[in-house]
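Listing of protein-v6.tsv; format and content: TSV, C-alpha atoms.
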chain	number	residue	atom	x	y	z
A	1	MET	CA	-136.94	40.50	48.45
A	2	PHE	CA	-140.66	39.85	48.34
A	3	ILE	CA	-143.23	40.69	45.65
A	4	GLU	CA	-146.99	40.36	45.45
A	5	GLN	CA	-148.39	37.61	43.26
A	6	PRO	CA	-148.92	39.06	39.78
A	7	PRO	CA	-152.37	38.83	38.09
A	8	GLY	CA	-152.83	35.47	36.38
A	9	PHE	CA	-150.12	33.78	38.47
A	10	SER	CA	-151.70	33.75	41.90
A	11	HIS	CA	-151.78	30.57	43.93
A	12	PRO	CA	-155.31	29.08	43.99
A	13	THR	CA	-155.32	28.46	47.76
A	14	LEU	CA	-152.64	30.90	49.00
A	15	SER	CA	-153.69	34.07	47.20
A	16	SER	CA	-152.81	36.29	50.17
A	17	HIS	CA	-149.18	35.10	50.24
A	18	VAL	CA	-146.22	36.78	48.54
A	19	TYR	CA	-143.31	35.45	46.51
A	20	HIS	CA	-139.88	35.22	48.16
A	21	LEU	CA	-137.27	35.93	45.48
A	22	HIS	CA	-134.07	33.93	45.61
A	23	LYS	CA	-132.30	36.28	43.17
A	24	SER	CA	-132.89	39.76	41.81
A	25	ILE	CA	-134.98	40.35	38.71
A	26	TYR	CA	-134.21	43.04	36.13
A	27	GLY	CA	-136.58	45.97	36.39
A	28	LEU	CA	-137.01	45.93	40.15
A	29	LYS	CA	-135.72	48.89	42.15
A	30	GLN	CA	-133.63	46.57	44.33
A	31	ALA	CA	-132.02	44.73	41.39
A	32	PRO	CA	-128.92	46.98	40.96
A	33	ARG	CA	-128.23	46.93	44.70
A	34	ALA	CA	-128.67	43.15	44.91
A	35	TRP	CA	-126.35	42.61	41.94
A	36	TYR	CA	-123.71	44.93	43.40
A	37	THR	CA	-123.85	43.16	46.75
A	38	ARG	CA	-123.40	39.74	45.16
A	39	LEU	CA	-120.57	40.91	42.89
A	40	SER	CA	-118.70	42.85	45.59
A	41	ASP	CA	-118.92	39.98	48.10
A	42	TYR	CA	-117.44	37.60	45.54
A	43	LEU	CA	-114.64	39.99	44.50
A	44	ILE	CA	-113.68	40.62	48.11
A	45	SER	CA	-113.59	36.85	48.72
A	46	LEU	CA	-111.05	36.60	45.85
A	47	GLY	CA	-108.76	39.14	47.49
A	48	PHE	CA	-109.95	42.37	45.88
A	49	ARG	CA	-110.17	45.48	48.03
A	50	ALA	CA	-112.94	48.07	47.66
A	51	SER	CA	-111.86	51.69	47.48
A	52	ASN	CA	-113.08	53.88	50.33
A	53	ALA	CA	-113.44	56.82	47.95
A	54	ASP	CA	-115.38	54.88	45.29
A	55	PRO	CA	-117.11	51.68	46.48
A	56	SER	CA	-117.53	50.51	42.87
A	57	LEU	CA	-113.74	50.44	42.36
A	58	PHE	CA	-111.87	47.28	43.36
A	59	THR	CA	-108.10	46.79	43.31
A	60	LEU	CA	-106.34	43.54	43.46
A	61	LEU	CA	-103.27	43.04	45.58
A	62	ASN	CA	-100.57	42.19	43.05
A	63	SER	CA	-98.28	40.81	45.74
A	64	GLU	CA	-100.68	37.94	46.42
A	65	PHE	CA	-102.34	37.32	43.05
A	66	LYS	CA	-100.77	37.07	39.64
A	67	ILE	CA	-102.37	39.58	37.26
A	68	ARG	CA	-102.57	38.87	33.56
A	69	ASP	CA	-101.96	41.77	31.17
A	70	LEU	CA	-104.64	41.68	28.47
A	71	GLY	CA	-102.84	44.24	26.33
A	72	SER	CA	-103.84	47.71	25.22
A	73	VAL	CA	-107.52	48.64	25.46
A	74	HIS	CA	-109.26	49.61	22.22
A	75	TYR	CA	-112.97	49.59	23.05
A	76	PHE	CA	-114.66	49.64	26.44
A	77	LEU	CA	-118.33	50.22	27.28
A	78	GLY	CA	-118.94	52.00	23.98
A	79	ILE	CA	-115.86	54.22	24.35
A	80	GLU	CA	-113.21	53.98	21.66
A	81	VAL	CA	-109.59	54.28	22.85
A	82	THR	CA	-106.96	55.42	20.36
A	83	LYS	CA	-103.24	55.88	20.97
A	84	THR	CA	-101.76	59.24	19.97
A	85	ALA	CA	-98.28	60.71	20.08
A	86	MET	CA	-99.16	62.55	23.30
A	87	GLY	CA	-101.16	59.82	25.05
A	88	LEU	CA	-104.66	58.47	24.52
A	89	MET	CA	-107.87	59.72	22.99
A	90	LEU	CA	-111.28	58.62	24.28
A	91	SER	CA	-114.15	59.06	21.84
A	92	GLN	CA	-117.67	57.82	21.13
A	93	HIS	CA	-117.71	58.33	17.37
A	94	LYS	CA	-120.00	55.42	16.51
A	95	TYR	CA	-122.32	56.25	19.37
A	96	THR	CA	-122.54	59.88	18.22
A	97	LEU	CA	-123.50	58.82	14.70
A	98	ASP	CA	-126.17	56.57	16.17
A	99	ILE	CA	-127.67	59.47	18.15
A	100	ILE	CA	-127.80	61.65	15.03
A	101	GLN	CA	-129.51	58.86	13.10
A	102	ARG	CA	-132.03	58.16	15.89
A	103	ALA	CA	-132.90	61.85	15.95
A	104	GLY	CA	-133.62	61.69	12.20
A	105	MET	CA	-131.00	64.35	11.47
A	106	SER	CA	-128.36	62.49	9.44
A	107	LEU	CA	-128.52	65.13	6.68
A	108	CYS	CA	-128.60	68.21	8.92
A	109	LYS	CA	-126.04	71.01	8.72
A	110	GLY	CA	-123.61	71.44	11.60
A	111	VAL	CA	-123.37	74.49	13.87
A	112	ASP	CA	-120.42	75.96	15.75
A	113	THR	CA	-121.80	75.77	19.31
A	114	PRO	CA	-124.21	73.37	21.07
A	115	ALA	CA	-126.30	76.18	22.59
A	116	SER	CA	-127.28	79.65	21.43
A	117	SER	CA	-125.90	82.47	23.54
A	118	SER	CA	-128.90	84.68	22.76
A	119	SER	CA	-131.85	82.66	24.08
A	120	LYS	CA	-133.04	81.15	27.39
A	121	PRO	CA	-135.66	78.38	27.61
A	122	LEU	CA	-138.87	78.74	29.60
A	123	LEU	CA	-140.82	75.86	31.08
A	124	SER	CA	-144.24	75.65	29.40
A	125	LEU	CA	-144.92	78.71	27.28
A	126	ASP	CA	-144.76	76.96	23.91
A	127	THR	CA	-146.74	74.25	22.12
A	128	GLN	CA	-146.42	70.87	23.80
A	129	TYR	CA	-144.07	68.57	21.88
A	130	SER	CA	-145.97	65.70	20.26
A	131	ASP	CA	-143.43	62.89	20.87
A	132	PRO	CA	-142.11	63.08	24.47
A	133	THR	CA	-140.75	59.50	24.29
A	134	ARG	CA	-138.45	60.46	21.43
A	135	TYR	CA	-137.27	63.52	23.34
A	136	ARG	CA	-136.44	61.48	26.44
A	137	GLN	CA	-134.65	58.79	24.44
A	138	ILE	CA	-132.38	61.28	22.67
A	139	VAL	CA	-131.66	63.27	25.82
A	140	GLY	CA	-130.88	60.05	27.70
A	141	ALA	CA	-128.44	59.06	24.96
A	142	LEU	CA	-126.81	62.50	25.09
A	143	GLN	CA	-126.22	62.08	28.82
A	144	TYR	CA	-124.03	59.03	28.17
A	145	LEU	CA	-122.14	60.97	25.50
A	146	THR	CA	-121.02	63.53	28.09
A	147	PHE	CA	-118.65	60.86	29.46
A	148	THR	CA	-116.15	61.94	26.79
A	149	ARG	CA	-117.71	65.22	25.64
A	150	SER	CA	-117.51	67.79	28.42
A	151	ASP	CA	-118.19	70.49	25.81
A	152	ILE	CA	-121.89	69.54	25.70
A	153	CYS	CA	-122.44	69.12	29.46
A	154	TYR	CA	-124.17	72.46	29.94
A	155	PRO	CA	-126.78	72.21	27.15
A	156	VAL	CA	-127.47	68.54	27.92
A	157	ASN	CA	-128.04	69.41	31.57
A	158	LYS	CA	-130.46	72.16	30.54
A	159	VAL	CA	-132.62	69.96	28.31
A	160	CYS	CA	-132.77	67.34	31.08
A	161	HIS	CA	-134.79	69.80	33.19
A	162	PHE	CA	-137.81	69.53	30.91
A	163	MET	CA	-138.39	65.78	30.78
A	164	HIS	CA	-141.75	66.08	32.55
A	165	SER	CA	-143.18	69.03	30.59
A	166	LEU	CA	-141.58	69.62	27.23
A	167	THR	CA	-142.45	71.83	24.30
A	168	ASP	CA	-141.49	72.34	20.68
A	169	GLY	CA	-138.99	74.93	21.90
A	170	HIS	CA	-137.26	72.37	24.10
A	171	TRP	CA	-137.01	69.94	21.18
A	172	SER	CA	-135.34	72.76	19.22
A	173	LEU	CA	-132.70	72.94	21.96
A	174	VAL	CA	-132.04	69.21	21.56
A	175	LYS	CA	-131.79	69.57	17.78
A	176	ARG	CA	-129.24	72.34	18.28
A	177	ILE	CA	-127.05	69.93	20.27
A	178	VAL	CA	-127.43	67.25	17.59
A	179	ARG	CA	-126.52	69.74	14.86
A	180	TYR	CA	-123.38	70.61	16.80
A	181	LEU	CA	-122.51	66.92	17.07
A	182	GLN	CA	-123.00	66.55	13.31
A	183	GLY	CA	-119.93	68.72	12.75
A	184	THR	CA	-117.88	67.19	15.59
A	185	THR	CA	-118.65	63.46	15.42
A	186	SER	CA	-114.99	62.46	15.71
A	187	TYR	CA	-114.23	64.68	18.71
A	188	GLY	CA	-113.17	63.12	21.98
A	189	LEU	CA	-111.20	63.63	25.18
A	190	HIS	CA	-107.41	63.70	24.97
A	191	ILE	CA	-105.52	62.18	27.90
A	192	THR	CA	-102.03	63.58	27.64
A	193	ARG	CA	-98.87	62.04	28.99
A	194	GLY	CA	-97.06	64.04	31.65
A	195	SER	CA	-94.95	63.75	34.77
A	196	SER	CA	-97.09	66.05	36.93
A	197	LEU	CA	-99.77	64.59	39.20
A	198	SER	CA	-100.79	67.94	40.68
A	199	LEU	CA	-104.53	68.54	41.03
A	200	HIS	CA	-106.16	71.86	40.25
A	201	GLY	CA	-109.69	72.89	39.46
A	202	PHE	CA	-111.92	75.65	38.09
A	203	ILE	CA	-115.34	76.49	39.55
A	204	ASP	CA	-118.04	78.83	38.29
A	205	ALA	CA	-121.72	79.64	38.71
A	206	ASP	CA	-124.21	81.61	36.64
A	207	TRP	CA	-126.40	83.37	39.17
A	208	ALA	CA	-130.21	82.88	38.91
A	209	ASN	CA	-130.05	81.99	35.22
A	210	SER	CA	-133.15	79.77	35.36
A	211	LEU	CA	-136.14	81.96	34.54
A	212	ASP	CA	-138.51	79.29	35.90
A	213	ASP	CA	-137.31	79.04	39.51
A	214	ARG	CA	-134.39	81.52	39.67
A	215	LYS	CA	-131.93	78.83	40.68
A	216	SER	CA	-128.32	79.10	39.57
A	217	THR	CA	-126.25	76.74	37.45
A	218	GLY	CA	-122.90	75.67	38.89
A	219	GLY	CA	-120.04	73.69	37.47
A	220	TYR	CA	-116.48	72.56	38.08
A	221	LEU	CA	-113.53	71.18	36.14
A	222	VAL	CA	-110.80	69.11	37.81
A	223	TYR	CA	-107.44	68.50	36.15
A	224	LEU	CA	-104.74	65.97	37.00
A	225	GLY	CA	-101.68	67.56	35.49
A	226	ARG	CA	-102.80	68.67	32.01
A	227	THR	CA	-105.60	66.12	31.73
A	228	LEU	CA	-109.23	66.84	32.54
A	229	ILE	CA	-110.46	63.99	34.74
A	230	SER	CA	-113.72	65.22	36.27
A	231	TRP	CA	-116.40	67.75	35.38
A	232	LYS	CA	-119.97	68.61	36.26
A	233	SER	CA	-122.66	71.06	35.21
A	234	GLY	CA	-125.91	71.20	37.16
A	235	LYS	CA	-128.65	73.35	38.62
A	236	GLN	CA	-128.05	74.16	42.26
A	237	CYS	CA	-130.57	72.92	44.82
A	238	ILE	CA	-130.85	76.32	46.48
A	239	VAL	CA	-132.03	79.77	45.42
A	240	ALA	CA	-128.99	81.97	45.91
A	241	HIS	CA	-129.56	85.48	47.28
A	242	SER	CA	-126.40	86.76	45.63
A	243	SER	CA	-123.79	85.83	43.07
A	244	THR	CA	-121.37	85.29	45.96
A	245	LYS	CA	-123.60	82.61	47.45
A	246	ALA	CA	-124.01	80.88	44.07
A	247	GLU	CA	-120.25	80.87	43.53
A	248	TYR	CA	-119.60	79.73	47.09
A	249	LYS	CA	-122.00	76.81	46.62
A	250	ALA	CA	-120.13	75.87	43.42
A	251	LEU	CA	-116.89	76.17	45.39
A	252	ALA	CA	-118.25	73.75	47.99
A	253	ASP	CA	-119.20	71.25	45.26
A	254	GLY	CA	-115.76	71.56	43.68
A	255	THR	CA	-114.06	71.08	47.04
A	256	THR	CA	-116.08	67.92	47.68
A	257	GLU	CA	-115.01	66.49	44.33
A	258	ILE	CA	-111.37	67.41	44.93
A	259	LEU	CA	-111.38	65.61	48.27
A	260	ARG	CA	-112.98	62.53	46.68
A	261	ILE	CA	-110.36	62.41	43.93
A	262	ARG	CA	-107.51	62.86	46.41
A	263	ALA	CA	-108.84	59.95	48.44
A	264	LEU	CA	-109.15	57.88	45.27
A	265	LEU	CA	-105.57	58.65	44.26
A	266	SER	CA	-104.47	57.64	47.74
A	267	ASP	CA	-106.27	54.29	47.37
A	268	LEU	CA	-104.36	53.79	44.10
A	269	HIS	CA	-101.07	54.64	45.89
A	270	PHE	CA	-100.53	57.90	44.02
A	271	SER	CA	-99.62	61.09	45.81
A	272	SER	CA	-100.24	64.64	44.63
A	273	ASP	CA	-99.38	68.07	45.99
A	274	PRO	CA	-100.53	68.58	49.59
A	275	THR	CA	-102.59	71.64	48.60
A	276	THR	CA	-104.96	71.78	45.63
A	277	ILE	CA	-105.66	75.13	43.96
A	278	LEU	CA	-109.23	76.01	42.98
A	279	TRP	CA	-109.63	78.94	40.59
A	280	CYS	CA	-112.67	81.16	41.17
A	281	ASP	CA	-113.66	84.36	39.33
A	282	ASN	CA	-115.78	85.78	42.16
A	283	LEU	CA	-113.88	87.89	44.70
A	284	GLY	CA	-116.67	87.61	47.28
A	285	ALA	CA	-116.53	83.81	47.30
A	286	THR	CA	-112.73	83.90	47.30
A	287	TYR	CA	-112.64	86.16	50.37
A	288	LEU	CA	-115.38	84.17	52.11
A	289	SER	CA	-113.31	80.99	51.85
A	290	VAL	CA	-110.62	82.44	54.10
A	291	ASN	CA	-112.62	84.87	56.23
A	292	PRO	CA	-113.98	83.31	59.44
A	293	ILE	CA	-116.10	86.37	60.25
A	294	PHE	CA	-119.83	85.84	59.66
A	295	HIS	CA	-121.15	89.23	58.59
A	296	ALA	CA	-124.50	90.50	57.28
A	297	ARG	CA	-123.77	89.85	53.62
A	298	THR	CA	-123.22	86.14	54.20
A	299	LYS	CA	-125.52	85.28	57.10
A	300	HIS	CA	-127.91	83.57	54.68
A	301	VAL	CA	-125.22	81.09	53.54
A	302	GLU	CA	-125.89	77.61	54.91
A	303	VAL	CA	-123.44	76.46	57.55
A	304	ASP	CA	-122.58	73.22	55.76
A	305	TYR	CA	-121.06	75.16	52.85
A	306	HIS	CA	-118.50	76.64	55.24
A	307	PHE	CA	-116.60	73.37	55.33
A	308	VAL	CA	-114.69	75.05	52.48
A	309	ARG	CA	-113.12	77.39	55.05
A	310	ASP	CA	-112.12	74.43	57.19
A	311	ARG	CA	-110.35	72.81	54.25
A	312	VAL	CA	-108.63	76.08	53.38
A	313	ALA	CA	-107.49	76.40	57.00
A	314	LYS	CA	-106.13	72.84	56.88
A	315	LYS	CA	-104.36	73.73	53.61
A	316	ASP	CA	-106.09	70.92	51.74
A	317	ILE	CA	-107.23	73.46	49.15
A	318	GLU	CA	-106.32	77.01	48.24
A	319	VAL	CA	-108.84	79.30	46.55
A	320	GLN	CA	-107.32	81.79	44.14
A	321	PHE	CA	-108.95	84.46	42.01
A	322	ILE	CA	-108.93	84.23	38.23
A	323	SER	CA	-110.22	86.68	35.65
A	324	SER	CA	-113.61	85.83	34.13
A	325	LYS	CA	-112.07	85.79	30.64
A	326	ASP	CA	-109.78	82.95	31.75
A	327	GLN	CA	-112.44	81.00	33.67
A	328	LEU	CA	-112.67	77.67	31.84
A	329	ALA	CA	-115.70	76.52	33.86
A	330	ASP	CA	-117.80	79.16	32.06
A	331	VAL	CA	-118.48	76.50	29.43
A	332	LEU	CA	-120.38	74.49	32.09
A	333	THR	CA	-122.64	77.28	33.35
A	334	LYS	CA	-123.81	79.32	30.37
A	335	PRO	CA	-124.02	79.34	26.55
A	336	LEU	CA	-120.96	81.05	25.10
A	337	PRO	CA	-120.35	82.82	21.79
A	338	HIS	CA	-118.32	80.93	19.24
A	339	ALA	CA	-114.88	82.42	20.01
A	340	SER	CA	-115.16	81.91	23.79
A	341	PHE	CA	-116.64	78.43	23.37
A	342	THR	CA	-113.85	77.33	21.03
A	343	TYR	CA	-111.20	78.62	23.45
A	344	CYS	CA	-112.72	76.77	26.41
A	345	ARG	CA	-113.17	73.59	24.37
A	346	SER	CA	-109.48	73.58	23.47
A	347	LYS	CA	-108.59	73.83	27.17
A	348	LEU	CA	-110.90	70.91	27.89
A	349	HIS	CA	-108.77	68.88	25.45
A	350	VAL	CA	-111.88	67.97	23.45
A	351	ASP	CA	-110.88	67.85	19.82
A	352	SER	CA	-110.72	65.69	16.72
A	353	PRO	CA	-108.06	62.96	16.44
A	354	PRO	CA	-104.66	64.22	15.23
A	355	SER	CA	-104.01	63.48	11.59
A	356	ALA	CA	-101.73	60.56	10.85

Target format structure tokens, applied to this file:
Amino acid sequence: MFIEQPPGFSHPTLSSHVYHLHKSIYGLKQAPRAWYTRLSDYLISLGFRASNADPSLFTLLNSEFKIRDLGSVHYFLGIEVTKTAMGLMLSQHKYTLDIIQRAGMSLCKGVDTPASSSSKPLLSLDTQYSDPTRYRQIVGALQYLTFTRSDICYPVNKVCHFMHSLTDGHWSLVKRIVRYLQGTTSYGLHITRGSSLSLHGFIDADWANSLDDRKSTGGYLVYLGRTLISWKSGKQCIVAHSSTKAEYKALADGTTEILRIRALLSDLHFSSDPTTILWCDNLGATYLSVNPIFHARTKHVEVDYHFVRDRVAKKDIEVQFISSKDQLADVLTKPLPHASFTYCRSKLHVDSPPSA
């Protein structure tokens, strides 16, 4: 890496030269990549093997190297790990309390849901918020909290859209999330013990729900047995001409994640069922996944999304219809009323620790 000579540190006779860096410096764009390269090269030289599905995951060959068991994990990267009768619970209780305190809302009253089901935010129709740095700091902290709190993925994703132009109304959305956390500080993700390693997933999309650009919000949930292991809520990069296209795009995203997880399980020498079921509540997208005929209603669907049909034909995945009232991925695509939100949250296995 090379950098220009900074003001005040230029060479008196070689001012047109640049510095050649012998190691990465924090803050540079190349620093994370340089650190990863150095670390991965060293781990591979020790006998580790990088996963093809996730290059940041390294496994050590136990047959060649003796591995030391460090005991049960209790705290890792800010995530608290607690043993329960059914398995493990991952939570970020201390981190949640810190977010509430940083937001100046330690004495606020809790609410039942992290987002109101009766309002939709607009981009810049309100008074500009006076402290954008505070907004970005809290929203950034909330993003890390979604590692164990899938129940707040949708509202956190929504407030992330307004980092560049935020208003008092957007700050109110953030405060709503914090108020919800105030009443659920001890909640976390339950990882339950079970013999099944079958994968299945739920996908959903809320068509054109963004009033600013009419893009849709899609999301997926992936379960390994009874345990939720992967989830995502995000605005789609396309403007869908129909609800079928929005759902089909979400189906493509869910299929991609399923294939990644199956490859990862293979790297870890675990095998699951040969066919993974994806549950979809849109009949049009369900039919499109098995129908090779390109007709007028779907001619605007991008060709690359049709890799879903290839995977269905190969029996890697199977798309099945599910009623909207049973669609768990709804919690990732829209604000829900209290009863529906509570039901979905229970199926996400996000709850408070069981009493002793």

At most 9 Å is the cut-off: for each residue in stretch 172-210 of chain A with any atom that close to an atom of stretch 264-274 of chain A, write down the nearest atom pair and the distance in Å rounded to one decimal, counting all atoms listed in the file, chain first then increasing number, as a Markdown table.
| residue | atom | partner | partner_atom | distance |
| --- | --- | --- | --- | --- |
| A:Ser196 | CA | A:Ser272 | CA | 8.4 |
| A:Leu197 | CA | A:Ser272 | CA | 5.5 |
| A:Ser198 | CA | A:Ser272 | CA | 5.2 |
| A:Leu199 | CA | A:Ser272 | CA | 6.8 |

Written file, previous selection with C-alpha atoms, as a JSON list (two decimals), keeping the file's coordinate frame:
[["chain", "number", "residue", "atom", "x", "y", "z"],
["A", 196, "SER", "CA", -97.09, 66.05, 36.93],
["A", 197, "LEU", "CA", -99.77, 64.59, 39.20],
["A", 198, "SER", "CA", -100.79, 67.94, 40.68],
["A", 199, "LEU", "CA", -104.53, 68.54, 41.03]]

Selection near stretch 157-170 of chain A, 10 Å with all atoms listed in the file, sequence-local residues under 6 positions removed, as a PyMOL selection string: chain A and resi 115+120-133+135-136+139-140+142-143+146+176-177+210+217+232-235+332-334

Given only C-alpha atoms as the basis, pick out the residue of A:Leu288, A:Val331, A:Ala339, A:Val308 nearest to A:Pro155.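 Nearest candidate to A:Pro155 out of A:Leu288, A:Val331, A:Ala339, A:Val308: A:Val331.
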
Hey, can you check how far atom CA of A:Leu336 sits from atom CA of A:Ser324? 12.6 Å

Under the rule that all atoms listed in the file are counted, which of A:Val73, A:Glu4, A:Gln137, A:Ala285 is the nearest residue to A:His306?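 Looking only at the distances to A:His306, the closest residue turns out to be A:Ala285.
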